[in-house]
Amino acid sequence: MGHVPSPRVPAAYAVPGRRAVRVTLVAAAGFYLFLYGLGRPVAATYALFAAVALGGLAKIPGTGRQRAATVVRLLPVCWLLVAVGTYLSVRTWSAVVGMLAVGFTLTFAAVGGPRPAGAAPGLQLLYILPSFPPYAPGTLGERLIGTTTGLVFLVAAEALVFPEPSPPSYRERAAHAARTAADCATRLAAPPYALTAACLGAVRERGSSLRSLTVPEAERPAGPGVRDRALAHTGLALRTLLSRLAQLPATPDGRPGPEVTAVLRAVARLATATAACLEKGPSPVAPYGRLAEARARLSAASAAPAAADDHTPGLPPAVLRRHAAVLEIADAALASATAADVAVRGRHAAVEIAQGRFWYARSRAPRLWWHRLQGHAGRRSVFFQNAVRLALALTAARLVAGVDTLPHGFWAMLATLTLTRTTMDETWQTIRVALAGTLAGALLTAGILSLAGTDATVYAVVLPLWMLFGFTVGPVKGVGWAQGLFTVLVALVFAQLTPPTWRLAEVRLLDVLVGSAIGAVFGLLAWPRGAHDELRHAAAELLRSAAEIVVATGASVAGGGAVVASSGMPAHRSLQRAIILAESAYAQFQCEPAPFGGAARRPAQRTVDWQATLMAGHHTLWGSDRLLTPPLVRLAPAVAESVSGLGERVAGRMLLVSAALDPGSDTPTGRLPLLDPAIEGAVTEPPGAPRMYYATVSWLGSLMSDLTRIAHGRTGP
């Protein structure tokens, strides 16, 4: 006989299936324990819905153990929400006001990173459930016991049932990138002073591994704390270091010079020490100091003016250009080492900390949280928009349910919570499918209730099987299936709590219709395009602030420090805030479909490389800080004029690109080239230019490369 293959679960159902097993075990165990074992229907209800809220509705990222740890930390918040909802249900107006405050706070907490963002929907449900009548503060103890039991069971199931392997952490990814940088620097410091194709491939791979979109949500350093900020800073610095190493110009005469070789070897040693630090090794203080000394020697050797011709003493321009590139490599290595030490040791980092770039390194958590909240407390933040939209929708749903005494109004609010999306188009598409699924589920529910009648045994047997099926199939098949299956599920639950009739299906359909209509109204009224408009505006504002810094930095370099542009100037703060808003808008933009039913995004959005816009902001800040580090040398008039003129032209191109991304009412309608091919040709190297000139030109050249990628939509390495 031939071998009969064993049945295999399709790959798409594997992860939802494991999640469904955990939620079903927990919800059924808590529900049956209290309802049939102890005769406590209130505790049974809260045990079941606590498990469904944080195990099914919430989307907490990470492995099972990571999710379990998150739920443990959220236990006090869950108790508070149940208690507040219980006491505010005394009046409709108090429950409505509480819903407004709780809805906004929990949704806005997404600024704290993926974990609070993923937990927010489940936490909303734990306030919504007790905020409906009957007003029974005497049952608060039973409600809290049920909630706690359900969550404790959920923690055990997440940690023990189907354990998952942990993916590489961001620190591990950064450590691998640092070792790749060390290998590249070592090769560049020895003959033939070039990188092989394999090395360049490794650079691209390691750089890509640090991009947020390639990192699992639970591993992204997105929190407001010192260590998360420093780890994100480490990733940016290492990506810059890898890029600069890959783009280092070849030696003009095959001999890099002892100072350059010393810097590259010191970079290799520091990158190796940075990797060790990220792996819980010692602080890279000694290698940091040696690279700083080698950098100072190269900077002093490069300070002499360039040779005007073959008969004039001085370093050739090609050598000075390479020196400027090597100094950028050294700065990126120093920044990555500092950030790594702060990421591992927090406020107790041992390396030297530049207060401008690492302003957060000595700050305490409350101040950093306040800084994060303040940065997003405005209508241009997508986090603020999402919080206002959902809070108003839930508040309106609670008001309608209370004023009209909507039967099972809890279901209407649940529909508003689960069907409201960040764009009107997505909300409408979701509602249409959800209503169709709910109608099908209601018809099936009516048939089940009519056939089974009041026999609770039937519902008790079918509930866990249906729960397992629903939580497995719903996430794969989409929102229509999910709503239809959940309609049957809630009927099976409430049929065991109160004598059921077929009209329970009718009530469920009515509630979903009301809740989805409210979600659609507020999706239309409150920022209906979601992140699509905000990303264009934030990117344009980022480039406008960057243009100001480019002009000010060019003027400072040209004047030898006579015009000071410090990192604390308003333009720097404006650019930092613009980067924050643009990064959050870009993260949400990646998850949204095309606006208003379009099959594809508009041409401007299809061709723009938004990540290049973000990198242009970071490159502007870092380059300005590096160039304005004292002491500044006054440039000759011809050199100063060349630097300031080139800076103004680059800033002008930034303004043109910003106007193309977010045109205003007074933006010229004529077609203008976003890029100026004549800029590079217009740069005439003045005779006798010092190293500062070549460093500035190199920085401006990198910004022009960013602008080219933005306009052309290329996403190269």
# chains A, B, ... in the order shown; residues from 1 in each chain; ligands from 1
>>> residues_around(residues="Glu648 (chain A)", least_positions_apart="4", cutoff="9 Å", atoms="only C-alpha atoms", output="PyMOL selection string")
chain A and resi 547+550-551+554+643-644+652-653
>>> write_last_selection(atoms="C-alpha atoms", output="PDB file, in the first residue's frame")
ATOM      1  CA  ALA A 547      16.688  73.944   3.841  1.00  0.00           C
ATOM      2  CA  VAL A 550      21.574  74.030   5.093  1.00  0.00           C
ATOM      3  CA  VAL A 551      21.649  77.794   4.500  1.00  0.00           C
ATOM      4  CA  GLY A 554      26.760  77.096   4.899  1.00  0.00           C
ATOM      5  CA  VAL A 643      30.457  77.083  -0.126  1.00  0.00           C
ATOM      6  CA  SER A 644      27.610  79.482   0.589  1.00  0.00           C
ATOM      7  CA  GLY A 652      16.609  75.929  -3.139  1.00  0.00           C
ATOM      8  CA  ARG A 653      16.225  72.441  -4.574  1.00  0.00           C
TER       9      ARG A 653
END
>>> residues_around(residues="Ser702 (chain A)", least_positions_apart="6", cutoff="12 Å", atoms="only C-alpha atoms", output="PyMOL selection string")
chain A and resi 240+243-244+247+325+328+612+615-620+622-623+650+680+695-696+708-709
>>> write_last_selection(atoms="N, CA, C and O atoms", output="compact mmCIF listing (two decimals), in the first residue's frame")
# COMPACT_ATOMS: atom_id res chain seq x y z
N THR A 240 24.47 54.50 8.47
CA THR A 240 25.29 55.56 7.88
C THR A 240 26.73 55.12 7.73
O THR A 240 27.38 55.35 6.70
N SER A 243 27.05 52.69 4.86
CA SER A 243 26.92 53.39 3.58
C SER A 243 28.18 54.17 3.24
O SER A 243 28.66 54.15 2.09
N ARG A 244 28.75 54.86 4.24
CA ARG A 244 29.96 55.66 3.99
C ARG A 244 31.15 54.75 3.65
O ARG A 244 31.97 55.10 2.80
N GLN A 247 30.88 53.68 0.06
CA GLN A 247 31.03 54.75 -0.92
C GLN A 247 32.37 55.47 -0.82
O GLN A 247 32.56 56.51 -1.48
N ALA A 325 35.82 62.21 3.41
CA ALA A 325 34.98 61.01 3.48
C ALA A 325 35.40 60.12 4.64
O ALA A 325 34.54 59.54 5.34
N GLU A 328 34.08 61.49 7.85
CA GLU A 328 32.66 61.16 8.02
C GLU A 328 32.50 59.73 8.54
O GLU A 328 31.64 59.45 9.38
N ALA A 612 13.85 58.00 1.75
CA ALA A 612 14.94 58.92 1.42
C ALA A 612 14.67 60.29 2.02
O ALA A 612 15.60 61.01 2.40
N MET A 615 15.74 60.03 5.63
CA MET A 615 17.19 60.01 5.75
C MET A 615 17.79 61.37 5.44
O MET A 615 18.81 61.76 6.02
N ALA A 616 17.16 62.14 4.53
CA ALA A 616 17.65 63.49 4.26
C ALA A 616 17.58 64.35 5.51
O ALA A 616 18.48 65.17 5.78
N GLY A 617 16.52 64.19 6.29
CA GLY A 617 16.43 64.95 7.54
C GLY A 617 17.53 64.57 8.52
O GLY A 617 18.17 65.44 9.12
N HIS A 618 17.76 63.27 8.69
CA HIS A 618 18.83 62.83 9.59
C HIS A 618 20.20 63.28 9.08
O HIS A 618 21.04 63.75 9.86
N HIS A 619 20.44 63.16 7.78
CA HIS A 619 21.73 63.58 7.23
C HIS A 619 21.95 65.08 7.42
O HIS A 619 23.08 65.53 7.64
N THR A 620 20.88 65.85 7.31
CA THR A 620 21.01 67.29 7.51
C THR A 620 21.43 67.61 8.94
O THR A 620 22.35 68.40 9.17
N TRP A 622 22.84 65.58 11.26
CA TRP A 622 24.15 65.05 11.63
C TRP A 622 25.26 65.80 10.94
O TRP A 622 26.29 66.11 11.55
N GLY A 623 25.09 66.10 9.66
CA GLY A 623 26.14 66.82 8.95
C GLY A 623 26.35 68.22 9.49
O GLY A 623 27.49 68.69 9.63
N VAL A 650 21.47 74.06 -3.06
CA VAL A 650 20.91 72.81 -2.53
C VAL A 650 19.65 73.11 -1.73
O VAL A 650 18.63 72.40 -1.85
N GLU A 680 26.25 70.17 -9.79
CA GLU A 680 27.59 69.58 -9.65
C GLU A 680 28.56 70.21 -10.63
O GLU A 680 29.71 70.46 -10.31
N ALA A 695 34.78 68.84 3.15
CA ALA A 695 33.82 68.20 4.04
C ALA A 695 32.42 68.75 3.81
O ALA A 695 31.43 68.00 3.78
N THR A 696 32.34 70.07 3.63
CA THR A 696 31.03 70.69 3.39
C THR A 696 30.46 70.26 2.04
O THR A 696 29.27 69.94 1.92
N THR A 708 17.74 63.36 -5.11
CA THR A 708 17.58 62.60 -6.35
C THR A 708 16.72 61.37 -6.11
O THR A 708 15.83 61.05 -6.89
N ARG A 709 16.97 60.66 -5.00
CA ARG A 709 16.18 59.47 -4.68
C ARG A 709 14.74 59.84 -4.39
O ARG A 709 13.81 59.13 -4.76
>>> atom_distance(atom1="CA of Ala197 (chain A)", atom2="CA of Ala174 (chain A)")
21.6 Å
>>> residues_around(residues="Tyr135 (chain A)", least_positions_apart="6", cutoff="9 Å", atoms="only C-alpha atoms", output="PyMOL selection string")
chain A and resi 86-91
>>> write_last_selection(atoms="all heavy atoms", output="PDB file, in the first residue's frame")
ATOM      1  N   THR A  86     -17.277  50.343  35.833  1.00  0.00           N
ATOM      2  CA  THR A  86     -18.362  49.932  36.728  1.00  0.00           C
ATOM      3  C   THR A  86     -19.004  51.126  37.409  1.00  0.00           C
ATOM      4  O   THR A  86     -20.240  51.253  37.454  1.00  0.00           O
ATOM      5  CB  THR A  86     -17.825  48.942  37.776  1.00  0.00           C
ATOM      6  OG1 THR A  86     -17.351  47.761  37.119  1.00  0.00           O
ATOM      7  CG2 THR A  86     -18.911  48.566  38.771  1.00  0.00           C
ATOM      8  N   TYR A  87     -18.200  52.039  37.935  1.00  0.00           N
ATOM      9  CA  TYR A  87     -18.751  53.173  38.677  1.00  0.00           C
ATOM     10  C   TYR A  87     -19.334  54.247  37.757  1.00  0.00           C
ATOM     11  O   TYR A  87     -20.306  54.917  38.120  1.00  0.00           O
ATOM     12  CB  TYR A  87     -17.684  53.772  39.590  1.00  0.00           C
ATOM     13  CG  TYR A  87     -17.434  52.932  40.823  1.00  0.00           C
ATOM     14  CD1 TYR A  87     -16.261  52.204  40.967  1.00  0.00           C
ATOM     15  CD2 TYR A  87     -18.391  52.848  41.835  1.00  0.00           C
ATOM     16  CE1 TYR A  87     -16.036  51.415  42.089  1.00  0.00           C
ATOM     17  CE2 TYR A  87     -18.172  52.059  42.962  1.00  0.00           C
ATOM     18  CZ  TYR A  87     -16.996  51.351  43.081  1.00  0.00           C
ATOM     19  OH  TYR A  87     -16.788  50.561  44.200  1.00  0.00           O
ATOM     20  N   LEU A  88     -18.765  54.421  36.562  1.00  0.00           N
ATOM     21  CA  LEU A  88     -19.289  55.448  35.659  1.00  0.00           C
ATOM     22  C   LEU A  88     -20.563  55.018  34.954  1.00  0.00           C
ATOM     23  O   LEU A  88     -21.234  55.840  34.327  1.00  0.00           O
ATOM     24  CB  LEU A  88     -18.229  55.821  34.616  1.00  0.00           C
ATOM     25  CG  LEU A  88     -17.008  56.577  35.142  1.00  0.00           C
ATOM     26  CD1 LEU A  88     -16.085  56.970  33.995  1.00  0.00           C
ATOM     27  CD2 LEU A  88     -17.419  57.814  35.932  1.00  0.00           C
ATOM     28  N   SER A  89     -20.934  53.750  35.038  1.00  0.00           N
ATOM     29  CA  SER A  89     -22.169  53.300  34.397  1.00  0.00           C
ATOM     30  C   SER A  89     -23.414  53.744  35.149  1.00  0.00           C
ATOM     31  O   SER A  89     -24.531  53.461  34.712  1.00  0.00           O
ATOM     32  CB  SER A  89     -22.172  51.771  34.282  1.00  0.00           C
ATOM     33  OG  SER A  89     -22.229  51.160  35.560  1.00  0.00           O
ATOM     34  N   VAL A  90     -23.259  54.473  36.257  1.00  0.00           N
ATOM     35  CA  VAL A  90     -24.400  54.937  37.037  1.00  0.00           C
ATOM     36  C   VAL A  90     -25.293  55.863  36.218  1.00  0.00           C
ATOM     37  O   VAL A  90     -26.514  55.881  36.386  1.00  0.00           O
ATOM     38  CB  VAL A  90     -23.923  55.632  38.328  1.00  0.00           C
ATOM     39  CG1 VAL A  90     -23.076  56.861  38.011  1.00  0.00           C
ATOM     40  CG2 VAL A  90     -25.109  56.011  39.217  1.00  0.00           C
ATOM     41  N   ARG A  91     -24.726  56.659  35.321  1.00  0.00           N
ATOM     42  CA  ARG A  91     -25.479  57.560  34.453  1.00  0.00           C
ATOM     43  C   ARG A  91     -24.923  57.454  33.041  1.00  0.00           C
ATOM     44  O   ARG A  91     -23.732  57.203  32.848  1.00  0.00           O
ATOM     45  CB  ARG A  91     -25.375  59.012  34.923  1.00  0.00           C
ATOM     46  CG  ARG A  91     -25.961  59.301  36.289  1.00  0.00           C
ATOM     47  CD  ARG A  91     -27.493  59.371  36.253  1.00  0.00           C
ATOM     48  NE  ARG A  91     -28.022  59.823  37.525  1.00  0.00           N
ATOM     49  CZ  ARG A  91     -28.268  59.047  38.570  1.00  0.00           C
ATOM     50  NH1 ARG A  91     -27.978  57.749  38.481  1.00  0.00           N
ATOM     51  NH2 ARG A  91     -28.763  59.532  39.699  1.00  0.00           N
TER      52      ARG A  91
END
>>> closest_residue(among="A:Gly223, A:Val512, A:Leu451, A:Ala246", to="Gly201 (chain A)", atoms="only C-alpha atoms")
A:Ala246
>>> residues_around(residues="Leu106 (chain A)", least_positions_apart="3", cutoff="8 Å", atoms="only C-alpha atoms", output="tab-separated table (two decimals) with all heavy atoms, in the first residue's frame")
chain	number	residue	atom	x	y	z
A	102	VAL	N	-11.19	57.73	28.22
A	102	VAL	CA	-10.50	56.44	28.11
A	102	VAL	C	-10.17	56.14	26.65
A	102	VAL	O	-9.07	55.67	26.33
A	102	VAL	CB	-11.37	55.33	28.71
A	102	VAL	CG1	-10.79	53.95	28.39
A	102	VAL	CG2	-11.47	55.51	30.22
A	103	GLY	N	-11.13	56.41	25.75
A	103	GLY	CA	-10.89	56.13	24.33
A	103	GLY	C	-9.71	56.90	23.78
A	103	GLY	O	-8.87	56.34	23.06
A	109	ALA	N	-1.97	56.29	23.44
A	109	ALA	CA	-0.82	55.59	24.04
A	109	ALA	C	0.02	54.87	23.00
A	109	ALA	O	1.12	54.41	23.31
A	109	ALA	CB	-1.30	54.60	25.09
A	110	ALA	N	-0.47	54.80	21.76
A	110	ALA	CA	0.31	54.18	20.69
A	110	ALA	C	1.63	54.91	20.45
A	110	ALA	O	2.54	54.33	19.83
A	110	ALA	CB	-0.50	54.14	19.39
A	120	ALA	N	-4.15	48.32	22.90
A	120	ALA	CA	-5.21	49.33	23.08
A	120	ALA	C	-6.61	48.81	22.77
A	120	ALA	O	-7.54	49.05	23.56
A	120	ALA	CB	-4.88	50.57	22.25
A	123	LEU	N	-7.86	46.69	25.65
A	123	LEU	CA	-8.09	47.49	26.85
A	123	LEU	C	-9.36	48.32	26.72
A	123	LEU	O	-10.09	48.53	27.71
A	123	LEU	CB	-6.88	48.39	27.11
A	123	LEU	CG	-5.57	47.67	27.44
A	123	LEU	CD1	-4.43	48.67	27.56
A	123	LEU	CD2	-5.70	46.87	28.73
A	124	GLN	N	-9.64	48.82	25.51
A	124	GLN	CA	-10.89	49.55	25.31
A	124	GLN	C	-12.09	48.67	25.67
A	124	GLN	O	-13.05	49.12	26.30
A	124	GLN	CB	-11.01	49.98	23.83
A	124	GLN	CG	-9.89	50.86	23.30
A	124	GLN	CD	-10.15	52.34	23.50
A	124	GLN	OE1	-10.96	52.73	24.32
A	124	GLN	NE2	-9.43	53.16	22.74
A	387	ALA	N	-6.44	58.97	17.65
A	387	ALA	CA	-7.04	58.99	18.98
A	387	ALA	C	-8.32	59.82	18.99
A	387	ALA	O	-9.33	59.40	19.57
A	387	ALA	CB	-6.03	59.55	19.99
>>> atom_distance(atom1="CA of Thr501 (chain A)", atom2="CA of Tyr36 (chain A)")
21.4 Å
>>> closest_residue(among="A:Ala638, A:Val342, A:Leu444, A:Met692", to="Leu320 (chain A)", atoms="only C-alpha atoms")
A:Met692
>>> atom_distance(atom1="CA of Val697 (chain A)", atom2="CA of Val260 (chain A)")
19.3 Å
>>> closest_residue(among="A:Val52, A:Val215, A:Ala47, A:Leu210", to="Arg143 (chain A)", atoms="only C-alpha atoms")
A:Ala47
>>> select_by_dssp(residues="region 438-655 of chain A", states="alpha helix (DSSP H)", output="PyMOL selection string")
chain A and resi 438-452+456-477+479-494+503-525+531-558+570-589+603-607+610-627+637-655
>>> residues_around(residues="region 583-590 of chain A", least_positions_apart="5", cutoff="12 Å", atoms="only C-alpha atoms", output="tab-separated table (two decimals) with N, CA and C atoms, in the first residue's frame")
chain	number	residue	atom	x	y	z
A	110	ALA	N	-0.47	54.80	21.76
A	110	ALA	CA	0.31	54.18	20.69
A	110	ALA	C	1.63	54.91	20.45
A	111	VAL	N	1.76	56.15	20.91
A	111	VAL	CA	3.04	56.86	20.77
A	111	VAL	C	4.14	56.14	21.55
A	112	GLY	N	3.76	55.27	22.49
A	112	GLY	CA	4.75	54.56	23.29
A	112	GLY	C	5.36	53.35	22.62
A	113	GLY	N	4.90	53.00	21.41
A	113	GLY	CA	5.49	51.88	20.70
A	113	GLY	C	4.47	50.83	20.32
A	114	PRO	N	4.93	49.76	19.68
A	114	PRO	CA	4.00	48.74	19.17
A	114	PRO	C	3.21	48.01	20.25
A	117	ALA	N	0.27	50.11	21.49
A	117	ALA	CA	-0.63	50.26	20.35
A	117	ALA	C	-1.41	48.98	20.09
A	211	ARG	N	16.51	48.30	8.98
A	211	ARG	CA	15.34	49.11	8.63
A	211	ARG	C	14.14	48.63	9.43
A	212	SER	N	13.33	49.56	9.91
A	212	SER	CA	12.22	49.20	10.80
A	212	SER	C	11.24	48.26	10.14
A	213	LEU	N	11.02	48.42	8.83
A	213	LEU	CA	10.03	47.59	8.15
A	213	LEU	C	10.46	46.13	8.04
A	217	GLU	N	7.69	43.71	14.88
A	217	GLU	CA	7.22	44.84	15.68
A	217	GLU	C	7.73	44.80	17.11
A	222	ALA	N	11.08	51.40	19.45
A	222	ALA	CA	10.18	52.51	19.15
A	222	ALA	C	9.69	53.24	20.40
A	372	ARG	N	7.85	62.91	24.19
A	372	ARG	CA	7.18	62.15	23.14
A	372	ARG	C	5.71	62.58	23.00
A	375	GLY	N	5.43	66.03	21.51
A	375	GLY	CA	5.74	66.06	20.09
A	375	GLY	C	4.59	65.63	19.22
A	376	HIS	N	3.67	64.82	19.78
A	376	HIS	CA	2.53	64.33	19.00
A	376	HIS	C	1.21	64.98	19.39
A	380	ARG	N	-1.37	67.58	13.44
A	380	ARG	CA	-0.54	67.03	12.37
A	380	ARG	C	0.03	65.66	12.70
A	381	SER	N	-0.19	65.17	13.89
A	381	SER	CA	0.30	63.85	14.27
A	381	SER	C	-0.76	62.81	13.94
A	382	VAL	N	-0.38	61.73	13.26
A	382	VAL	CA	-1.36	60.68	12.95
A	382	VAL	C	-1.80	59.96	14.22
A	383	PHE	N	-0.96	59.91	15.25
A	383	PHE	CA	-1.38	59.32	16.51
A	383	PHE	C	-2.50	60.15	17.14
A	384	PHE	N	-2.35	61.47	17.11
A	384	PHE	CA	-3.39	62.36	17.64
A	384	PHE	C	-4.67	62.23	16.82
A	385	GLN	N	-4.55	62.18	15.51
A	385	GLN	CA	-5.72	62.04	14.65
A	385	GLN	C	-6.46	60.74	14.93
A	386	ASN	N	-5.73	59.64	15.02
A	386	ASN	CA	-6.36	58.36	15.29
A	386	ASN	C	-7.07	58.35	16.64
A	421	ARG	N	-11.53	52.51	10.67
A	421	ARG	CA	-10.17	52.47	10.15
A	421	ARG	C	-9.62	53.89	10.04
A	422	THR	N	-8.36	54.00	9.63
A	422	THR	CA	-7.70	55.30	9.60
A	422	THR	C	-8.03	56.11	8.35
A	423	THR	N	-8.64	55.50	7.33
A	423	THR	CA	-9.08	56.24	6.14
A	423	THR	C	-10.54	55.93	5.89
A	529	ARG	N	-8.52	60.94	4.95
A	529	ARG	CA	-7.45	60.37	4.13
A	529	ARG	C	-6.34	59.74	4.96
A	530	GLY	N	-6.47	59.76	6.28
A	530	GLY	CA	-5.48	59.09	7.12
A	530	GLY	C	-4.09	59.68	6.96
A	531	ALA	N	-3.10	58.80	6.81
A	531	ALA	CA	-1.70	59.24	6.74
A	531	ALA	C	-1.29	59.72	5.36
A	532	HIS	N	-2.15	59.55	4.34
A	532	HIS	CA	-1.76	59.91	2.98
A	532	HIS	C	-1.44	61.40	2.87
A	533	ASP	N	-2.34	62.24	3.39
A	533	ASP	CA	-2.09	63.68	3.35
A	533	ASP	C	-1.02	64.09	4.34
A	534	GLU	N	-1.06	63.48	5.52
A	534	GLU	CA	-0.12	63.90	6.55
A	534	GLU	C	1.32	63.57	6.18
A	535	LEU	N	1.53	62.47	5.47
A	535	LEU	CA	2.90	62.13	5.07
A	535	LEU	C	3.44	63.17	4.09
A	536	ARG	N	2.63	63.59	3.14
A	536	ARG	CA	3.08	64.62	2.20
A	536	ARG	C	3.40	65.92	2.93
A	537	HIS	N	2.51	66.31	3.85
A	537	HIS	CA	2.75	67.56	4.58
A	537	HIS	C	3.98	67.46	5.48
A	538	ALA	N	4.11	66.33	6.20
A	538	ALA	CA	5.25	66.18	7.11
A	538	ALA	C	6.57	66.13	6.34
A	539	ALA	N	6.58	65.44	5.19
A	539	ALA	CA	7.81	65.37	4.40
A	539	ALA	C	8.17	66.74	3.84
A	542	LEU	N	9.53	68.80	6.65
A	542	LEU	CA	10.89	68.32	6.95
A	542	LEU	C	11.90	68.97	6.00
A	576	GLN	N	13.82	68.31	13.98
A	576	GLN	CA	13.68	67.11	14.81
A	576	GLN	C	12.22	66.73	14.97
A	577	ARG	N	11.36	67.71	15.20
A	577	ARG	CA	9.93	67.41	15.35
A	577	ARG	C	9.34	66.97	14.01
A	578	ALA	N	9.77	67.59	12.91
A	578	ALA	CA	9.28	67.18	11.60
A	578	ALA	C	9.66	65.74	11.28
A	595	PRO	N	-6.13	55.62	-1.31
A	595	PRO	CA	-7.26	56.41	-0.82
A	595	PRO	C	-8.42	56.43	-1.79
A	601	ARG	N	-2.00	54.24	-5.70
A	601	ARG	CA	-1.81	55.58	-5.16
A	601	ARG	C	-1.52	56.55	-6.28
A	605	GLN	N	2.63	59.81	-5.09
A	605	GLN	CA	2.90	58.93	-3.96
A	605	GLN	C	3.54	57.63	-4.40
A	606	ARG	N	3.30	57.22	-5.64
A	606	ARG	CA	3.94	55.99	-6.12
A	606	ARG	C	5.43	56.19	-6.35
A	608	VAL	N	7.54	58.70	-5.10
A	608	VAL	CA	8.36	59.32	-4.06
A	608	VAL	C	8.98	58.24	-3.18
A	609	ASP	N	10.27	58.36	-2.94
A	609	ASP	CA	10.96	57.48	-1.99
A	609	ASP	C	10.88	58.16	-0.62
A	610	TRP	N	9.86	57.81	0.15
A	610	TRP	CA	9.62	58.50	1.42
A	610	TRP	C	10.74	58.24	2.41
A	611	GLN	N	11.33	57.07	2.37
A	611	GLN	CA	12.42	56.80	3.31
A	611	GLN	C	13.62	57.68	3.03
A	612	ALA	N	13.85	58.00	1.75
A	612	ALA	CA	14.94	58.92	1.42
A	612	ALA	C	14.67	60.29	2.02
A	613	THR	N	13.40	60.68	2.11
A	613	THR	CA	13.06	61.96	2.75
A	613	THR	C	13.45	61.95	4.21
A	614	LEU	N	13.14	60.84	4.90
A	614	LEU	CA	13.50	60.74	6.31
A	614	LEU	C	15.02	60.77	6.49
A	615	MET	N	15.74	60.03	5.63
A	615	MET	CA	17.19	60.01	5.75
A	615	MET	C	17.79	61.37	5.44
A	617	GLY	N	16.52	64.19	6.29
A	617	GLY	CA	16.43	64.95	7.54
A	617	GLY	C	17.53	64.57	8.52
A	618	HIS	N	17.76	63.27	8.69
A	618	HIS	CA	18.83	62.83	9.59
A	618	HIS	C	20.20	63.28	9.08
>>> closest_residue(among="A:Gly645, A:Ile580, A:Thr234, A:Gly225", to="Trp370 (chain A)", atoms="only C-alpha atoms")
A:Gly225
>>> residues_around(residues="region 9-22 of chain A", least_positions_apart="3", cutoff="8 Å", atoms="only C-alpha atoms", output="PyMOL selection string")
chain A and resi 25-26+55-56+154+157-158+161-162+467-473+475-476
>>> closest_residue(among="A:Gly62, A:Pro41, A:Gly289, A:Pro690", to="Glu142 (chain A)", atoms="only C-alpha atoms")
A:Pro41
>>> residues_around(residues="Val461 (chain A)", least_positions_apart="5", cutoff="12 Å", atoms="only C-alpha atoms", output="ChimeraX atom specification")
/A:28,32,452,455-456,466-467,492-493,496
>>> write_last_selection(atoms="N, CA, C and O atoms", output="PDB file, in the first residue's frame")
ATOM      1  N   ALA A  28     -12.687  29.286  27.458  1.00  0.00           N
ATOM      2  CA  ALA A  28     -13.598  28.215  27.862  1.00  0.00           C
ATOM      3  C   ALA A  28     -13.342  27.779  29.303  1.00  0.00           C
ATOM      4  O   ALA A  28     -14.292  27.537  30.073  1.00  0.00           O
ATOM      5  N   TYR A  32     -16.431  28.275  31.895  1.00  0.00           N
ATOM      6  CA  TYR A  32     -17.091  27.089  32.466  1.00  0.00           C
ATOM      7  C   TYR A  32     -16.785  26.931  33.953  1.00  0.00           C
ATOM      8  O   TYR A  32     -17.625  26.437  34.716  1.00  0.00           O
ATOM      9  N   ALA A 452     -32.150  24.708  18.769  1.00  0.00           N
ATOM     10  CA  ALA A 452     -31.688  24.253  20.085  1.00  0.00           C
ATOM     11  C   ALA A 452     -32.578  24.730  21.215  1.00  0.00           C
ATOM     12  O   ALA A 452     -32.604  24.115  22.288  1.00  0.00           O
ATOM     13  N   ASP A 455     -31.967  24.681  25.490  1.00  0.00           N
ATOM     14  CA  ASP A 455     -31.087  23.610  25.971  1.00  0.00           C
ATOM     15  C   ASP A 455     -29.648  24.128  26.049  1.00  0.00           C
ATOM     16  O   ASP A 455     -28.923  24.174  25.058  1.00  0.00           O
ATOM     17  N   ALA A 456     -29.201  24.555  27.239  1.00  0.00           N
ATOM     18  CA  ALA A 456     -27.877  25.142  27.411  1.00  0.00           C
ATOM     19  C   ALA A 456     -26.759  24.149  27.140  1.00  0.00           C
ATOM     20  O   ALA A 456     -25.634  24.546  26.817  1.00  0.00           O
ATOM     21  N   TRP A 466     -16.755  26.159  18.171  1.00  0.00           N
ATOM     22  CA  TRP A 466     -16.981  27.319  17.302  1.00  0.00           C
ATOM     23  C   TRP A 466     -15.923  28.404  17.549  1.00  0.00           C
ATOM     24  O   TRP A 466     -15.469  29.072  16.617  1.00  0.00           O
ATOM     25  N   MET A 467     -15.543  28.572  18.797  1.00  0.00           N
ATOM     26  CA  MET A 467     -14.515  29.566  19.120  1.00  0.00           C
ATOM     27  C   MET A 467     -13.199  29.208  18.440  1.00  0.00           C
ATOM     28  O   MET A 467     -12.527  30.072  17.858  1.00  0.00           O
ATOM     29  N   LEU A 492     -23.849  32.152  21.225  1.00  0.00           N
ATOM     30  CA  LEU A 492     -23.621  30.937  22.007  1.00  0.00           C
ATOM     31  C   LEU A 492     -23.264  31.259  23.455  1.00  0.00           C
ATOM     32  O   LEU A 492     -23.610  30.505  24.378  1.00  0.00           O
ATOM     33  N   VAL A 493     -22.586  32.367  23.672  1.00  0.00           N
ATOM     34  CA  VAL A 493     -22.229  32.767  25.040  1.00  0.00           C
ATOM     35  C   VAL A 493     -23.463  33.239  25.796  1.00  0.00           C
ATOM     36  O   VAL A 493     -23.779  32.753  26.897  1.00  0.00           O
ATOM     37  N   GLN A 496     -26.216  30.925  27.093  1.00  0.00           N
ATOM     38  CA  GLN A 496     -25.961  30.189  28.335  1.00  0.00           C
ATOM     39  C   GLN A 496     -26.148  31.052  29.572  1.00  0.00           C
ATOM     40  O   GLN A 496     -26.200  30.536  30.693  1.00  0.00           O
TER      41      GLN A 496
END
